[in-house]
$ cat input.json   # JSON, C-alpha atoms and all ligand atoms
[["chain", "number", "residue", "atom", "x", "y", "z"],
["A", 6, "MET", "CA", 6.24, -27.98, 26.86],
["A", 7, "VAL", "CA", 3.78, -25.41, 25.52],
["A", 8, "ASN", "CA", 5.18, -23.04, 22.91],
["A", 9, "ILE", "CA", 3.95, -19.46, 23.53],
["A", 10, "ASN", "CA", 3.99, -18.74, 19.76],
["A", 11, "ASN", "CA", 1.52, -21.57, 19.19],
["A", 12, "ILE", "CA", -0.79, -20.07, 21.80],
["A", 13, "PHE", "CA", -0.72, -16.68, 20.04],
["A", 14, "LEU", "CA", -1.35, -18.36, 16.68],
["A", 15, "TYR", "CA", -4.29, -20.23, 18.19],
["A", 16, "LEU", "CA", -5.72, -17.00, 19.64],
["A", 17, "ASP", "CA", -5.25, -15.22, 16.30],
["A", 18, "ASN", "CA", -7.23, -17.95, 14.56],
["A", 19, "ILE", "CA", -10.07, -17.58, 17.07],
["A", 20, "LEU", "CA", -10.07, -13.79, 16.64],
["A", 21, "ASP", "CA", -10.14, -14.22, 12.85],
["A", 22, "ILE", "CA", -13.37, -16.21, 13.21],
["A", 23, "ILE", "CA", -14.98, -13.62, 15.50],
["A", 24, "TYR", "CA", -13.54, -10.55, 13.74],
["A", 25, "PRO", "CA", -12.54, -11.64, 10.23],
["A", 26, "PRO", "CA", -9.80, -9.50, 8.70],
["A", 27, "LYS", "CA", -11.08, -6.98, 6.15],
["A", 28, "CYS", "CA", -9.36, -5.48, 3.15],
["A", 29, "MET", "CA", -8.14, -1.96, 3.97],
["A", 30, "VAL", "CA", -9.14, -0.76, 0.49],
["A", 31, "CYS", "CA", -12.57, -2.28, -0.31],
["A", 32, "ASP", "CA", -13.59, -3.55, 3.15],
["A", 33, "SER", "CA", -14.33, -7.08, 1.92],
["A", 34, "ILE", "CA", -13.59, -10.00, 4.21],
["A", 35, "ILE", "CA", -10.26, -11.67, 3.53],
["A", 36, "GLU", "CA", -10.07, -15.44, 3.43],
["A", 37, "ILE", "CA", -8.26, -17.20, 6.25],
["A", 38, "ASN", "CA", -4.58, -17.97, 5.52],
["A", 39, "LYS", "CA", -4.31, -15.09, 2.98],
["A", 40, "PRO", "CA", -2.30, -11.89, 3.51],
["A", 41, "ARG", "CA", -4.26, -9.95, 6.13],
["A", 42, "TYR", "CA", -4.41, -6.35, 4.93],
["A", 43, "ILE", "CA", -5.44, -6.33, 1.28],
["A", 44, "CYS", "CA", -7.57, -8.68, -0.83],
["A", 45, "ASP", "CA", -6.33, -10.26, -4.05],
["A", 46, "ASN", "CA", -8.53, -8.01, -6.25],
["A", 47, "CYS", "CA", -7.20, -4.79, -4.72],
["A", 48, "LYS", "CA", -3.64, -6.13, -4.72],
["A", 49, "ASN", "CA", -3.89, -6.59, -8.48],
["A", 50, "ASP", "CA", -5.11, -2.97, -8.85],
["A", 51, "ILE", "CA", -2.01, -1.46, -7.21],
["A", 52, "LYS", "CA", 0.08, 0.43, -9.74],
["A", 53, "PHE", "CA", 3.71, 0.32, -8.61],
["A", 54, "ILE", "CA", 5.95, 3.13, -9.81],
["A", 55, "ASN", "CA", 8.83, 2.03, -12.00],
["A", 56, "LYS", "CA", 11.99, 3.96, -12.85],
["A", 57, "PRO", "CA", 12.76, 6.45, -14.26],
["A", 58, "THR", "CA", 11.11, 8.80, -11.78],
["A", 59, "CYS", "CA", 11.14, 12.54, -11.10],
["A", 60, "ASN", "CA", 13.84, 13.32, -8.52],
["A", 61, "ILE", "CA", 11.53, 15.77, -6.74],
["A", 62, "CYS", "CA", 7.99, 14.34, -6.57],
["A", 63, "GLY", "CA", 8.73, 10.73, -7.49],
["A", 64, "VAL", "CA", 6.19, 10.23, -10.30],
["A", 65, "HIS", "CA", 7.09, 8.01, -13.22],
["A", 66, "VAL", "CA", 8.51, 9.92, -16.21],
["A", 67, "ASP", "CA", 8.89, 8.61, -19.75],
["A", 68, "PHE", "CA", 12.61, 9.27, -19.98],
["A", 69, "ASP", "CA", 15.42, 9.76, -17.48],
["A", 70, "THR", "CA", 15.19, 13.42, -16.50],
["A", 71, "PHE", "CA", 15.91, 15.30, -13.29],
["A", 72, "MET", "CA", 12.36, 16.50, -12.73],
["A", 73, "CYS", "CA", 8.90, 16.25, -14.30],
["A", 74, "LYS", "CA", 7.09, 19.17, -15.97],
["A", 75, "SER", "CA", 4.86, 19.87, -12.96],
["A", 76, "CYS", "CA", 7.85, 20.25, -10.59],
["A", 77, "LYS", "CA", 9.72, 22.81, -12.71],
["A", 78, "ASN", "CA", 9.74, 26.36, -11.29],
["A", 79, "LYS", "CA", 8.16, 25.25, -8.01],
["A", 80, "ASN", "CA", 9.53, 25.30, -4.50],
["A", 81, "PHE", "CA", 8.57, 22.52, -2.16],
["A", 82, "ALA", "CA", 8.95, 22.14, 1.61],
["A", 83, "PHE", "CA", 10.69, 18.82, 1.00],
["A", 84, "ASN", "CA", 13.80, 17.83, -0.95],
["A", 85, "ARG", "CA", 12.56, 14.60, -2.46],
["A", 86, "ASN", "CA", 9.55, 12.31, -2.40],
["A", 87, "ILE", "CA", 9.85, 8.58, -2.98],
["A", 88, "SER", "CA", 6.63, 6.67, -3.61],
["A", 89, "VAL", "CA", 6.12, 2.95, -3.91],
["A", 90, "PHE", "CA", 2.85, 3.13, -5.83],
["A", 91, "GLU", "CA", 0.67, 5.68, -7.62],
["A", 92, "TYR", "CA", -1.76, 7.76, -5.59],
["A", 93, "ASP", "CA", -4.94, 6.64, -7.37],
["A", 94, "ASN", "CA", -8.37, 5.50, -6.16],
["A", 95, "CYS", "CA", -6.95, 2.31, -4.63],
["A", 96, "ALA", "CA", -4.34, 4.24, -2.61],
["A", 97, "LYS", "CA", -6.81, 6.95, -1.57],
["A", 98, "ARG", "CA", -9.30, 4.41, -0.21],
["A", 99, "SER", "CA", -6.58, 2.64, 1.77],
["A", 100, "TYR", "CA", -5.38, 5.93, 3.31],
["A", 101, "LEU", "CA", -8.93, 6.97, 4.21],
["A", 102, "SER", "CA", -9.65, 3.66, 5.92],
["A", 103, "ALA", "CA", -6.48, 3.75, 8.03],
["B", 201, "ZN", "ZN", -10.00, -5.24, -1.48],
["B", 202, "ZN", "ZN", 7.91, 15.84, -10.26]]

$ encode --input "input.json" --output "structure tokens"
Amino acid sequence: MVNINNIFLYLDNILDIIYPPKCMVCDSIIEINKPRYICDNCKNDIKFINKPTCNICGVHVDFDTFMCKSCKNKNFAFNRNISVFEYDNCAKRSYLSA
């Protein structure tokens, strides 16, 4: 009996040959059987945000405080932002390509 998942996997492999997956940050072609959305070089450039973080904007702060200097005395339209990684050149390029 033919497994439908195997058919989709087969079609994906054919599509990868015709339209090879490209990195969403640098647009380079990603090797087959690697994660499909980001190349290894760009993955290594991602700067993940570690705790402690500002409770308002979510940037990393050097010590455990409620909010960073740039959030003091400001009103935002949101209560809290939680970010996984820093908004740097790598993140900007990935957002612009989406
Ligand atoms: Zn890349
Ligand atoms: Zn902040």

$ residues_near_ligand --input "input.json" --ligand "ligand ZN 202 (chain B)" --cutoff "8 Å" --atoms "all atoms listed in the file" --output "CSV table (one decimal) with C-alpha atoms, in the frame of the given file"
chain,number,residue,atom,x,y,z
A,58,THR,CA,11.1,8.8,-11.8
A,59,CYS,CA,11.1,12.5,-11.1
A,60,ASN,CA,13.8,13.3,-8.5
A,61,ILE,CA,11.5,15.8,-6.7
A,62,CYS,CA,8.0,14.3,-6.6
A,63,GLY,CA,8.7,10.7,-7.5
A,64,VAL,CA,6.2,10.2,-10.3
A,72,MET,CA,12.4,16.5,-12.7
A,73,CYS,CA,8.9,16.2,-14.3
A,74,LYS,CA,7.1,19.2,-16.0
A,75,SER,CA,4.9,19.9,-13.0
A,76,CYS,CA,7.8,20.2,-10.6
A,77,LYS,CA,9.7,22.8,-12.7

$ atom_distance --input "input.json" --atom1 "CA of Leu101 (chain A)" --atom2 "CA of Asp17 (chain A)"
25.5 Å

$ closest_residue --input "input.json" --among "A:Ser99, A:Ser33, A:Asn78, A:Asn84" --to "ligand ZN 201 (chain B)" --atoms "only C-alpha atoms and all ligand atoms"
A:Ser33

$ closest_residue --input "input.json" --among "A:Arg98, A:Tyr92, A:Tyr24, A:Val66" --to "ligand ZN 201 (chain B)" --atoms "only C-alpha atoms and all ligand atoms"
A:Arg98

$ atom_distance --input "input.json" --atom1 "CA of Asp32 (chain A)" --atom2 "CA of Phe53 (chain A)"
21.3 Å

$ residues_around --input "input.json" --residues "Asp45 (chain A)" --least-positions-apart "2" --cutoff "12 Å" --atoms "all atoms listed in the file" --output "list in words"
Lys27, Cys28, Met29, Val30, Cys31, Ser33, Ile34, Ile35, Glu36, Lys39, Pro40, Arg41, Tyr42, Ile43, Cys47, Lys48, Asn49, Asp50 and Ile51 of chain A
